[in-house]
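Chemist: This is the structure I want to talk about, given as structure tokens.
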Amino acid sequence: MLHILNERVELDVFFQRIAREDALIFLGSSVLCLHSNGQAAEQLKQYCQNFQCYVLEPDLLARGLKRNEIIVGIKPVDYSGFVTLTTEHEVIKTWN
């Protein structure tokens, strides 16, 4: 399953509801929580070690963040990469 995070979510609740083989992509305002010095950084580092985590790079750049400023292990993808992720997963859930 691919989980699309558009906004910030309660991380503890979110990560309890997804399976280890799931992938997630941060886009929209949710990319702000990925800053390596942010409040949620340590928590996200632990979670993202166990999941396939991606970020839509145009949304990252639109919010003034660069690849080297986000949590290590989160893979930036462009729009084409986002489309590829959607075709690789039969089920897609959007979290708003």
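In the structure tokens, the first chain shown is A, the next is B, and so on; residue numbers restart at 1 for each chain, and ligands run from 1 in the order shown.
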Quick one: contact table of stretch 29-69 of chain A to stretch 74-86 of chain A, 7 Å max, nearest atom pair and distance in Å to one decimal per residue, counting only C-alpha atoms, chain and number order, as a Markdown table?
Modeler:
```
| residue | atom | partner | partner_atom | distance |
| --- | --- | --- | --- | --- |
| A:Cys53 | CA | A:Ile74 | CA | 5.1 |
| A:Tyr54 | CA | A:Lys75 | CA | 4.6 |
| A:Val55 | CA | A:Pro76 | CA | 4.8 |
| A:Leu56 | CA | A:Val77 | CA | 5.2 |
| A:Glu57 | CA | A:Pro76 | CA | 5.2 |
| A:Pro58 | CA | A:Asp78 | CA | 6.7 |
```
Chemist: Please identify all polymer residues within 10 Å of A:Met1, counting only C-alpha atoms, omitting same-chain residues fewer than 4 positions from it, and present them as a compact mmCIF listing (two decimals) with C-alpha atoms, in the first residue's frame.
Modeler:
```txt
# COMPACT_ATOMS: atom_id res chain seq x y z
CA ILE A 18 0.47 1.02 8.45
CA ALA A 19 2.23 -2.25 7.62
CA ARG A 20 5.99 -2.75 7.36
CA GLU A 21 5.86 -3.39 3.61
CA ASP A 22 3.95 -0.15 2.97
CA ALA A 23 5.49 2.90 1.37
CA LEU A 24 4.72 6.52 2.15
CA LEU A 85 5.04 4.83 -7.00
CA THR A 86 1.31 4.96 -7.68
CA GLU A 88 3.70 0.01 -8.19
CA HIS A 89 1.05 -0.14 -5.45
CA GLU A 90 -2.41 -1.60 -5.92
CA VAL A 91 -3.89 0.26 -2.97
CA ILE A 92 -3.35 3.96 -2.27
CA LYS A 93 -4.55 5.80 0.85
```
Chemist: Leaving out A:Val9 and any residue of its chain fewer than 4 positions from it, which residues lie within 8 Å of it when counting only C-alpha atoms, given as a ChimeraX atom specification?
Modeler: /A:5,14,30,95-96
Chemist: Using only C-alpha atoms, please write the residues we just selected to a file, as a PDB file, in the first residue's frame.
Modeler:
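Okay, this is what ended up in part.pdb:
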```pdb
ATOM      1  CA  LEU A   5       0.553  12.352   3.418  1.00  0.00           C
ATOM      2  CA  PHE A  14      -0.190   6.986  11.686  1.00  0.00           C
ATOM      3  CA  SER A  30       3.601  17.444   5.320  1.00  0.00           C
ATOM      4  CA  TRP A  95      -4.097  11.095   4.698  1.00  0.00           C
ATOM      5  CA  ASN A  96      -5.421  14.655   5.035  1.00  0.00           C
TER       6      ASN A  96
END
```
Chemist: Would you mind writing down, as a list in words, each residue of chain A that DSSP on the backbone assigns to strand (DSSP E)?
Modeler: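 Secondary structure check on chain A, strand (DSSP E): Leu2, His3, Ile4, Leu5, Ala23, Leu24, Ile25, Phe26, Gln52, Cys53, Tyr54, Val55, Leu56, Lys75, Pro76, Val77, Ile92, Lys93, Thr94 and Trp95 of chain A.
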Chemist: Could you please write out, as a count of residues only, every residue of stretch 27-87 of chain A that DSSP assigns to helix (DSSP H, G or I)?
Modeler: 33
Chemist: Using only C-alpha atoms, which of A:Ile71, A:Val31, A:Leu2, A:Leu11 sits nearest A:Lys45?
Modeler: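 Between A:Ile71, A:Val31, A:Leu2, A:Leu11, the residue approaching A:Lys45 most closely is A:Ile71.
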Chemist: Quote the spacing between atom CA of A:Gln39 and atom CA of A:Phe26 in Å to one decimal place.
Modeler: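 Interatomic distance here is 16.3 Å.
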Chemist: Atom CA of A:Leu60 and atom CA of A:Ser29 are how many Å apart?
Modeler: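 Between these atoms lies a distance of 8.8 Å.
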Chemist: Any idea what the distance is between atom CA of A:His3 and atom CA of A:Leu34?
Modeler: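 Separating atom CA of A:His3 from atom CA of A:Leu34 is a distance of 15.8 Å.
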